[in-house]
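K.L.:
Got a structure here, written out as structure tokens. Questions coming.
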Amino acid sequence: MKKSFQLNLVAASLAAIFLSGCGDAETKIVEKDPIEVPDDNDDHDHDHDDDGDDHDHGDEYTIESLGRLAVLSAESNTTTLYDLDDGALLDTFSLIYDGNAITASAGYRFAVIASRNNDYVGFIDSGLWREDHVEHLHDYQQAPVMSDYQLNGSSPTHIIKSDDEMIIFNDGDADAGVSASVEVLKDTDISGETSELPHIDYSINMHGVALAHDEYLLSTVRRDDTETTSAGTLPDQVAVYHLHGNEYEQEQILDITCPDLHGASQNDDYIAFGCTDGVLVAHEHDGEFEAVKIANIESVGSSRIGSIYGHEESDSLIGVAGGSLFAINPEVNTMEKLEWQLAEGVSAVSYAFSHEAEYFLVLDSAGYLNILNSHSHDGEAHWELVTSIDISEEDISTMPEDMSFSMTAAQNGDHVYVADPIAKHILQIDLATMTIEDDIEIGFSASAITWLGIAEEAHDH
Amino acid sequence: MFKISGIAAIIGLLLPTSLLAQTIQGEVKNDNGKSIAGATVRVEGTGAATTTDKNGRFIFHDLASGKNEIHISAEGFAHLHQDIILSDDKTNPLTLVLTRSPIEVIDIVATPIHMSVMESAAPVSVLAGDALRRQQASTLGDSLEKLPGVQSNFHGNVASTPIIRGLSGPRVMIAQNGLDASDVSRVGPDHSVASEASTAQQIEVLRGPATLFYGSGAVGGVINVVDGRVPTDSTTRGEWLLENNSADDRKLASFNLTTGTDSFGFYADGYWRESNDYEVPVEAELETEEEHAEHDHDHDSGDFTVENSAEKSNGFTLGTSYLFDQGYVGVAVEQFNREYGVPGHSHGDESENVYADLEQTRVQLLGEFNIDNDWVKQVKFASGFTDYEHAEIEAGQIGTIFENQTQEVKVDIIQSPFYDWNGGISFHFKDSDVSAEGEEAFTPPSEAQTIALALMQEKHFGDVLLQFGARIEHVKITADNVLLPSLDAHSHDESEEEDAHDHDHDDETTSSTQVFAVEHKFTPVSLSAGLVWAFTPGYNLGLSISRSERAPSASELLSFGPHIGTGSYEIGSLFALNEDNTSLGLSNEVIDLETANNIDLTFRKTQGNVAFVLNAFYNQIDNYYYQTFTGLYAESGHDHGDDGHDHDEEETELPVYLFQTDDVVLHGFEAQVAWQVNDTFKATAFSDYVRAKVKDGDDLPRTPPLRFGTQFEYQNEQISAHLDITRYQDQNNTSINETSTDGYTLVDASVSYDLEVLNHDIALYLKGTNLTDTEARVHTSFIKDIAPRPGRSFAIGIRGYF
């Protein structure tokens with residue numbers, strides 16, 4: 001978008017008062033900031049070669065835009081939205097609570113603000129989204145607004161995008177006697193402010209996680225303390241739930257337990273959960289889920305895989321155990337330690353797959369963005385370092401306590417954005433050229449950033 | 001029928017009002033001296049009511065001394081109004097004589113002054129009892145369309161709403177127990193009314209301006225659906241029904257039940273209905289002649305349906321009330337769900353049908369306190385909260401979501417007679433938050449708030465009843481984000497080369513949408529006066545004159561966008577064409593109230609074997625808001641024909657209609673004559689007509705045609721049979737861009753057999769509709785060319801009462 005939004009920030013106002021007849025009628029009109037919209041008025045004689053190419057960027061209803069960025073401030077309870085096309089600040093929103101986490105909604109239209117300690121999940125509409133109008137894709141570009149919609153499940157913790165849906169796992173609160181619950185929502189639920197979301201209500205609290213696979217939800221189960229193999233509020237089983245009306249009903253409990261279950265992810269076919277003794281992998285066959293356990297290999301040592309990263313386009317998943325990275329190949333049930341690991345004394349601050357999973361990105365505390373890619377060998381993916389980009393010219397030792405670099409990957413191309421809280425700017429990195437292309441001076445320290453906008457779906461399915 | 005000094009009245013001496021309790025004992029008879037059982041006897045303004053026993057007797061205790069106004073009604077008889085003056089310390093025996101009325105007389109419940117088809121200055125009608133069950137349909141419009149002055153905008157069996165004397169939409173209020181139905185049916189013809197006839201007790205229709213009672217939205221009339229969801233007594237009674245209809249394969253089950261203890265009443269009702277696409281006698285889509293020739297070969301299949309006209313709905317209501325000597329107070333909760341196809345809303349590709357999924361929760365709190373002091377006789381209040389949502393779903397995706405949240409409070413204070421004036425004042429508050437989101441959100445979100453105060457009074461002066469009323473209202477409509485996109489509309493007459501198909505299509509063109517925060521404040525005032533003159537026994541003459549102001553609705557003011565339900569691009573009157581005649585900007589015109597000046601004349605014969613009601617009306621509406629065709633076309637933003645290069649440009653474009661104002665005149669009549677031939681046979685004839693046109697200009701669109709019809713009714717102890725023949729004439733008085741519609745004759749018949757099983761009345765019935773299987777296209781319908789009325793259909797059902 002070449003034109004920016006602040007056409008006239010001071011609203012022009014024209015007020016008129018009309019009086020007439022025996023009843024009064026009065027009209028007051030105040031003009032506000034205009035909204036930029038894609039021009040719908042191109043006429044019809046240009047290419048309508050609608051042969052199923054959903055990426056027709058010349059289409060009259062679609063918008064070409066790098067997207068928007070939601071930036072959570074580390075200095076105040078605010079989130080600021082930037083336009084990535086011109087780096088313009090669009091709006092700043094005050095948040096109700098502190099201690100927030102930020103992520104994007106399933107369709108990347110909304111920034112999701114979660115405050116675990118305050119039982120709060122709120123949404124900021126980025127104003128940039130796409131609707132499928134059956135015969136064409138219709139994009140919208142409007143000013144960002146804070147949504148009235150909010151969710152108040154107890155201790156919302158793991159908020160995950162899974163299979164086109166966002167899944168919120170509310171851990172519950174043992175002290176208050178509140179049980180755990182799961183809520184599943186799409187972007188239309190947020191815009192339509194759906195009052196009752198598809199959900200699971202547990203009868204016990206737990207620090208759990210849930211993932212979706214078609215109409216199924218795989219969600220964790222915490223057994224009674226006398227039976228469980230887990231410590232604390234961690235679950236140790238996974239159950240398959242199926243949606244009936246608005247409620248997911250349990251249909252199956254996977255027959256392999258997962259002691260101290262923590263961390264989960266998936267690709268197109270497999271769903272993986274981290275356990276102390278390995279990785280539990282589930283796979284669907286005609287509505288039935290089969291489970292296997294990929295046992296920890298020796299190099300996992302005394303630690304365990306507690307975080308897993310996956311992408312629908314990637315055959316292998318990346319597990320993190322004690323700061324080391326492991327490739328998990330669910331098709332052949334193997335686990336392998338990556339050759340490349342972070343140097344001693346350096347820790348990862350953020351992990352992510354790039355758009356379409358061509359790269360796995362590891363942002364580290366020393367100020368390097370490490371870019372890995374994989375090549376396949378006998379059905380096993382081997383990950384190797386492509387390059388490390390130095391993203392900070394600052395003295396890393398001046399990094400304030402409780403702050404770190406943060407990163408987000410664009411979903412419409414090979415851009416990655418990295419926020420530097422010392423330099424108070426955000427870098428735009430192009431993975432095609434492996435260079436820093438641009439920066440946005442934000443003038444404050446960011447604690448987290450998330451990309452919003454119109455995701456371009458992965459090509460082949 | 002008002003007898004101020006009735007022959008049978010016990011005229012005591014005019015004693016001062018005393019607090020001593022009085023008793024009336026009476027007997028109700030017909031003019032042959034036979035007792036009438038089951039007549040309802042009410043003491044006006046006190047809430048005291050009873051029914052006569054099998055000997056026609058009734059008794060009231062604890063009445064105040066002085067004047068009491070008694071009102072008696074019984075099926076098949078004219079109502080009797082009688083003032084009775086009670087003296088102290090006496091039991092007052094009384095004989096009251098009812099005379100026959102072949103026109104059913106049922107009182108309106110939701111007005112502070114007494115109204116019925118035979119007794120009020122303004123015309124009303126009520127559908128209740130067996131007649132309601134016989135005529136109830138899936139939609140409110142189709143249920144009421146046999147009442148004089150009411151026609152349906154027939155929207156393919158799924159979303160029809162009533163048209164009263166040619167007016168509909170934001171001019172006809174739909175109410176449930178006197179409170180706004182709070183749906184979005186006033187905005188678009190493809191939006192269903194969130195109210196159900198099969199669980200209703202009666203449906204009341206006020207024809208002509210009724211702003212006095214209901215405010216701005218009732219300038220053309222009111223439909224009030226009444227049920228007993230908050231029970232006013234705890235007598236155990238109920239009703240159930242099962243029906244199956246052939247043309248649309250419709251299955252209906254419904255029930256309602258009232259019961260309770262001495263001081264608590266309980267109520268439940270529910271219904272469930274499901275129907276498929278309905279069958280029609282001809283190809284649903286009206287074809288042009290060439291198309292007709294082209295498609296001739298398909299015509300032998302003989303099996304036609306209107307696609308996407310299936311419906312599925314259900315609802316239930318639970319209510320309870322606390323009953324005490326001076327009245328009652330209660331609450332009811334209703335959940336209403338409906339899912340219906342929207343015919344004519346398919347997206348080119350036939351398999352992609354659009355359907356609407358509607359959901360409403362309604363909470364009503366109703367109460368009545370009979371205070372009976374020197375000043376206040378009774379206080380009635382009603383308040384409601386509704387949460388409405390409907391989603392239009394296209395190809396499995398939510399296209400547009402409409403929402404309406406309404407809070408409403410109404411308090412009527414009925415005074416004790418003051419120099420024989422009866423009536424009261426009414427306070428009314430309503431707040432509606434309406435929004436639409438999605439591709440067909442043609443109206444921006446808005447909030448409308450109404451506060452009103454009304455006064456209604458009536459008094460008998462000898463043979464003349466005088467009724468008058470006044471209402472002042474304050475309406476505030478606020479919308480924070482009214483959008484004015486830059487619309488590149490064009491005329492089809494212009495030379496197309498001129499229209500610059502020279503856009504550089506690879507260039508990203510953008511345009512900006514202007515945004516406005518709009519606040520409208522209106523103070524409509526309504527005044528009405530009427531009289532009913534019983535100039536000779538059994539006849540009366542009614543005259544009603546009113547001046548009613550209406551605040552325009554948000555959709556009339558603020559719309560800007562494609563509305564597939566009406567097949568037009570709608571633009572509100574806040575906007576106007578710029579001088580270039582193709583772009584739009586803010587209007588320079590004053591946004592003003594609409595004012596209806598209405599005269600109604602009624603002549604009735606209320607008693608005897610022949611009765612009639614003849615109404616004539618003349619309604620001049622100044623500053624009438626209506627849509628005019630701009631001659632422009634704009635993209636629907638919703639185009640479907642994107643199947644290559646061969647699509648016809650106009651398919652994806654909608655004509656642009658702009659709300660403008662003009663003075664219009666509507667005039668017409670309704671006539672109803674009933675002849676009770678003997679105890680078992682009755683014949684009724686009716687006719688209605690309306691002419692609606694801009695003053696010195698064109699006709700208004702979708703005006704109902706002249707209609708007349710007859711009904712023959714046979715009823716003995718066990719069998720009742722009805723034959724209805726209704727003729728709709730051609731409609732050639734059309735507006736620009738509208739086609740005329742051929743007339744048709746509908747023949748319906750029904751027969752019902754009553755039997756008693758274990759103290760339980762059961763009726764088995766068979767109903768046939770459109771027996772001649774005629775092609776009937778409804779001129780008032782937005783989709784007349786694609787959805788005619790259903791063909792011949794038979795319904796079989798069973799109904800029970802206890």
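Just remember, in the structure tokens the first chain shown is A, the second B, etc., residues are 1-based per chain, and ligands are 1-based in the order shown.
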Taking 3 positions as the minimum chain separation for residues in the same chain, which residues sit within 7 Å of range 209-223 of chain B when counting only C-alpha atoms? Answer as a PyMOL selection string.
P.N.:
chain B and resi 111+164+167+170-175+203-206+454+469-471+526+548-551
K.L.:
Write the residues of the selection above to a file with C-alpha atoms, as a CSV table (one decimal), in the first residue's frame.
P.N.:
chain,number,residue,atom,x,y,z
B,111,THR,CA,-53.3,-1.6,24.0
B,164,ILE,CA,-50.4,-3.9,5.8
B,167,LEU,CA,-46.8,-0.8,3.7
B,170,PRO,CA,-39.6,-0.3,8.7
B,171,ARG,CA,-43.2,0.9,8.7
B,172,VAL,CA,-44.8,-2.2,10.1
B,173,MET,CA,-43.9,-3.2,13.6
B,174,ILE,CA,-43.7,-6.8,14.5
B,175,ALA,CA,-44.2,-7.4,18.2
B,203,ILE,CA,-52.1,-12.6,16.4
B,204,GLU,CA,-53.3,-9.0,16.4
B,205,VAL,CA,-53.2,-6.7,13.5
B,206,LEU,CA,-53.6,-2.9,13.8
B,454,ALA,CA,-48.0,8.5,25.4
B,469,GLY,CA,-54.3,9.8,22.1
B,470,ALA,CA,-51.0,11.6,21.8
B,471,ARG,CA,-47.4,10.5,21.9
B,526,SER,CA,-48.2,11.5,17.0
B,548,SER,CA,-48.2,10.3,12.9
B,549,GLU,CA,-44.5,11.0,12.6
B,550,ARG,CA,-41.8,8.5,12.0
B,551,ALA,CA,-38.1,8.6,12.5
K.L.:
Identify all residues of range 537-781 of chain B in alpha helix (DSSP H) (DSSP on the backbone) and supply them as a list in words.
P.N.:
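So the alpha helix (DSSP H) residues in range 537-781 of chain B would be Ala554, Ser555, Glu556, Leu557 and Leu558 of chain B.
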K.L.:
Taking 5 positions as the minimum chain separation for residues in the same chain, which residues sit within 9 Å of range 129-140 of chain B when counting only C-alpha atoms? Answer as a tab-separated table (two decimals) with N, CA and C atoms, in the first residue's frame.
P.N.:
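Generated output (selection-v8.tsv):
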chain	number	residue	atom	x	y	z
B	145	GLU	N	-52.04	-13.73	5.79
B	145	GLU	CA	-52.41	-13.11	4.53
B	145	GLU	C	-53.88	-13.22	4.17
B	146	LYS	N	-54.66	-13.98	4.94
B	146	LYS	CA	-56.09	-14.02	4.63
B	146	LYS	C	-56.88	-12.96	5.39
B	152	SER	N	-49.07	-10.93	1.98
B	152	SER	CA	-47.73	-11.42	2.30
B	152	SER	C	-46.77	-10.95	1.23
B	154	PHE	N	-44.57	-12.79	0.27
B	154	PHE	CA	-44.15	-14.14	-0.07
B	154	PHE	C	-42.69	-14.25	-0.55
B	157	ASN	N	-41.71	-19.06	0.77
B	157	ASN	CA	-42.06	-19.93	1.89
B	157	ASN	C	-41.16	-19.80	3.11
B	158	VAL	N	-40.08	-19.04	3.01
B	158	VAL	CA	-39.12	-19.07	4.12
B	158	VAL	C	-39.02	-17.78	4.92
B	159	ALA	N	-39.29	-16.65	4.31
B	159	ALA	CA	-39.05	-15.41	5.04
B	159	ALA	C	-40.14	-14.38	4.80
B	160	SER	N	-41.35	-14.84	4.49
B	160	SER	CA	-42.40	-13.89	4.14
B	160	SER	C	-42.81	-13.04	5.35
B	161	THR	N	-42.99	-11.76	5.10
B	161	THR	CA	-43.47	-10.90	6.18
B	161	THR	C	-44.74	-10.19	5.70
B	162	PRO	N	-45.56	-9.75	6.65
B	162	PRO	CA	-46.85	-9.17	6.26
B	162	PRO	C	-46.71	-7.76	5.70
B	192	SER	N	-35.97	-13.60	7.94
B	192	SER	CA	-37.17	-14.15	8.55
B	192	SER	C	-37.54	-13.41	9.83
B	193	VAL	N	-38.83	-13.43	10.14
B	193	VAL	CA	-39.30	-12.85	11.40
B	193	VAL	C	-39.04	-13.85	12.52
B	195	SER	N	-40.44	-14.97	15.07
B	195	SER	CA	-41.64	-15.18	15.87
B	195	SER	C	-42.39	-16.35	15.26
B	196	GLU	N	-43.10	-17.09	16.07
B	196	GLU	CA	-43.70	-18.32	15.58
B	196	GLU	C	-45.20	-18.32	15.81
B	197	ALA	N	-45.94	-18.68	14.75
B	197	ALA	CA	-47.40	-18.69	14.86
B	197	ALA	C	-47.92	-19.94	15.55
B	198	SER	N	-47.21	-21.06	15.43
B	198	SER	CA	-47.79	-22.33	15.89
B	198	SER	C	-47.88	-22.42	17.41
B	200	ALA	N	-48.46	-19.50	19.14
B	200	ALA	CA	-49.13	-18.26	19.55
B	200	ALA	C	-50.57	-18.53	19.94
B	201	GLN	N	-51.10	-17.65	20.79
B	201	GLN	CA	-52.49	-17.73	21.20
B	201	GLN	C	-53.36	-16.91	20.25
B	202	GLN	N	-52.87	-15.74	19.95
B	202	GLN	CA	-53.57	-14.91	18.98
B	202	GLN	C	-52.57	-13.95	18.34
B	203	ILE	N	-52.92	-13.53	17.13
B	203	ILE	CA	-52.08	-12.56	16.44
B	203	ILE	C	-52.97	-11.37	16.11
B	273	ARG	N	-40.06	-27.88	13.33
B	273	ARG	CA	-40.58	-27.95	11.96
B	273	ARG	C	-39.42	-28.16	11.02
B	311	GLU	N	-36.53	-25.39	4.98
B	311	GLU	CA	-36.45	-24.69	6.25
B	311	GLU	C	-36.41	-25.69	7.38
B	750	SER	N	-60.50	-27.21	3.88
B	750	SER	CA	-60.06	-28.03	5.00
B	750	SER	C	-61.26	-28.67	5.65
B	767	LYS	N	-56.15	-30.72	5.17
B	767	LYS	CA	-56.15	-29.38	4.62
B	767	LYS	C	-55.61	-29.46	3.20
K.L.:
Might you pull out every residue within 12 Å of Thr433 in chain A, with only C-alpha atoms counted and same-chain residues fewer than 2 positions away left off, and present them as an MDAnalysis selection string?
P.N.:
chainID A and resid 371 386:387 389 414:416 428:431 435:437
K.L.:
Would you export the selected residues with all heavy atoms as a short mmCIF file (atom, residue, chain, number, x, y, z; two decimals), in the first residue's frame, please?
P.N.:
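Produced file again01.cif, reproduced below:
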data_model
loop_
_atom_site.label_atom_id
_atom_site.label_comp_id
_atom_site.auth_asym_id
_atom_site.auth_seq_id
_atom_site.Cartn_x
_atom_site.Cartn_y
_atom_site.Cartn_z
N ILE A 371 20.35 -19.83 10.42
CA ILE A 371 19.40 -20.32 9.42
C ILE A 371 19.80 -21.73 9.01
O ILE A 371 20.91 -21.95 8.51
CB ILE A 371 19.38 -19.38 8.21
CG1 ILE A 371 18.99 -17.96 8.68
CG2 ILE A 371 18.42 -19.88 7.14
CD1 ILE A 371 19.20 -16.88 7.65
N VAL A 386 22.94 -23.03 7.21
CA VAL A 386 23.22 -22.36 5.95
C VAL A 386 24.12 -21.16 6.23
O VAL A 386 25.18 -21.01 5.64
CB VAL A 386 21.92 -21.88 5.28
CG1 VAL A 386 22.21 -21.19 3.97
CG2 VAL A 386 20.96 -23.05 5.10
N THR A 387 23.66 -20.34 7.14
CA THR A 387 24.47 -19.19 7.52
C THR A 387 23.96 -18.65 8.84
O THR A 387 22.86 -18.99 9.29
CB THR A 387 24.41 -18.09 6.43
OG1 THR A 387 25.28 -17.03 6.79
CG2 THR A 387 23.02 -17.53 6.28
N ILE A 389 23.37 -14.88 10.57
CA ILE A 389 23.40 -13.44 10.27
C ILE A 389 23.53 -12.69 11.58
O ILE A 389 22.77 -12.92 12.53
CB ILE A 389 22.10 -13.02 9.54
CG1 ILE A 389 21.96 -13.80 8.23
CG2 ILE A 389 22.07 -11.52 9.29
CD1 ILE A 389 20.67 -13.53 7.49
N ASP A 414 9.42 -14.96 2.11
CA ASP A 414 10.58 -15.36 2.89
C ASP A 414 11.18 -14.24 3.73
O ASP A 414 12.39 -14.08 3.79
CB ASP A 414 11.65 -15.93 1.94
CG ASP A 414 11.36 -17.40 1.65
OD1 ASP A 414 10.71 -18.03 2.51
OD2 ASP A 414 11.75 -17.89 0.58
N HIS A 415 10.32 -13.47 4.38
CA HIS A 415 10.83 -12.43 5.27
C HIS A 415 10.75 -12.88 6.72
O HIS A 415 9.81 -13.56 7.11
CB HIS A 415 10.04 -11.13 5.09
CG HIS A 415 10.38 -10.41 3.83
ND1 HIS A 415 9.47 -10.28 2.80
CD2 HIS A 415 11.51 -9.81 3.42
CE1 HIS A 415 10.05 -9.63 1.79
NE2 HIS A 415 11.29 -9.33 2.14
N VAL A 416 11.78 -12.45 7.46
CA VAL A 416 11.77 -12.68 8.90
C VAL A 416 12.01 -11.32 9.54
O VAL A 416 12.80 -10.52 9.03
CB VAL A 416 12.90 -13.64 9.32
CG1 VAL A 416 12.88 -13.85 10.82
CG2 VAL A 416 12.76 -14.95 8.59
N GLN A 428 14.21 -6.19 9.01
CA GLN A 428 13.55 -7.06 8.02
C GLN A 428 14.63 -7.82 7.29
O GLN A 428 15.52 -7.24 6.66
CB GLN A 428 12.74 -6.20 7.06
CG GLN A 428 12.11 -7.01 5.94
CD GLN A 428 11.26 -6.11 5.03
OE1 GLN A 428 10.47 -5.31 5.49
NE2 GLN A 428 11.46 -6.27 3.73
N ILE A 429 14.57 -9.14 7.39
CA ILE A 429 15.60 -9.99 6.80
C ILE A 429 14.98 -10.81 5.67
O ILE A 429 13.91 -11.40 5.86
CB ILE A 429 16.20 -10.91 7.87
CG1 ILE A 429 16.94 -10.05 8.89
CG2 ILE A 429 17.13 -11.96 7.26
CD1 ILE A 429 17.11 -10.69 10.22
N ASP A 430 15.64 -10.78 4.53
CA ASP A 430 15.14 -11.55 3.38
C ASP A 430 15.91 -12.86 3.30
O ASP A 430 17.14 -12.87 3.13
CB ASP A 430 15.33 -10.72 2.10
CG ASP A 430 14.67 -11.40 0.91
OD1 ASP A 430 14.24 -12.57 1.06
OD2 ASP A 430 14.56 -10.77 -0.15
N LEU A 431 15.19 -13.96 3.45
CA LEU A 431 15.85 -15.27 3.45
C LEU A 431 16.31 -15.68 2.05
O LEU A 431 17.11 -16.60 1.90
CB LEU A 431 14.93 -16.33 4.05
CG LEU A 431 14.58 -16.11 5.53
CD1 LEU A 431 13.58 -17.16 5.99
CD2 LEU A 431 15.83 -16.17 6.40
N THR A 435 20.06 -11.45 3.64
CA THR A 435 20.58 -10.14 4.03
C THR A 435 19.52 -9.37 4.81
O THR A 435 18.32 -9.64 4.71
CB THR A 435 20.93 -9.28 2.79
OG1 THR A 435 19.78 -9.24 1.94
CG2 THR A 435 22.11 -9.84 2.03
N ILE A 436 20.03 -8.38 5.57
CA ILE A 436 19.13 -7.45 6.26
C ILE A 436 18.71 -6.41 5.24
O ILE A 436 19.57 -5.72 4.66
CB ILE A 436 19.83 -6.79 7.46
CG1 ILE A 436 20.23 -7.88 8.47
CG2 ILE A 436 18.93 -5.75 8.10
CD1 ILE A 436 21.11 -7.38 9.59
N GLU A 437 17.43 -6.33 4.98
CA GLU A 437 16.96 -5.46 3.91
C GLU A 437 16.59 -4.07 4.39
O GLU A 437 16.74 -3.09 3.68
CB GLU A 437 15.68 -6.06 3.31
CG GLU A 437 15.90 -6.96 2.16
CD GLU A 437 14.55 -7.29 1.52
OE1 GLU A 437 13.48 -7.08 2.13
OE2 GLU A 437 14.59 -7.75 0.38
#
K.L.:
Need to verify the contact set: range 200-213 of chain A, 7 Å, only C-alpha atoms, exclusion of same-chain residues closer than 6 positions in sequence. Can you return it as JSON, numbers by chain?
P.N.:
{"A": [158, 162, 163, 167, 169, 171, 172, 173, 174, 178, 179, 180, 181, 182, 183, 219, 220, 222, 233, 234, 235, 247, 248]}
K.L.:
Of the candidates B:Phe418, B:Phe461, B:Phe516, B:Phe385, which one gets nearest to chain A if we count only C-alpha atoms?
P.N.:
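Going through B:Phe418, B:Phe461, B:Phe516, B:Phe385 one by one, the smallest distance to chain A is for B:Phe516.
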K.L.:
So, counting only C-alpha atoms, which residue among B:Glu27, B:Asp696, B:Asp62, B:Asp183 is closest to Leu94 in chain B?
P.N.:
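Closest to Leu94 in chain B of all the choices is B:Glu27.
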K.L.:
Name the residues in contact with Phe273 in chain A at a cut-off of 7 Å, using only C-alpha atoms, excluding same-chain residues fewer than 3 positions from it; report them as an mmCIF file with C-alpha atoms, in the first residue's frame.
P.N.:
data_model
loop_
_atom_site.group_PDB
_atom_site.id
_atom_site.type_symbol
_atom_site.label_atom_id
_atom_site.label_comp_id
_atom_site.auth_asym_id
_atom_site.auth_seq_id
_atom_site.Cartn_x
_atom_site.Cartn_y
_atom_site.Cartn_z
ATOM 1 C CA LEU A 261 4.068 -34.487 28.884
ATOM 2 C CA HIS A 262 5.190 -31.035 27.789
ATOM 3 C CA GLY A 263 5.482 -29.511 24.342
ATOM 4 C CA ALA A 264 3.704 -30.641 21.227
ATOM 5 C CA SER A 265 3.658 -29.950 17.536
ATOM 6 C CA VAL A 279 8.439 -38.418 21.871
ATOM 7 C CA LEU A 280 4.918 -39.752 21.559
ATOM 8 C CA VAL A 281 3.790 -39.690 17.929
#
K.L.:
With distances taken over only C-alpha atoms, which of B:Gln335, B:Gln457, B:Asn581, B:Thr443 is nearest to Asn481 in chain B?
P.N.:
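Nearest to Asn481 in chain B: B:Thr443.
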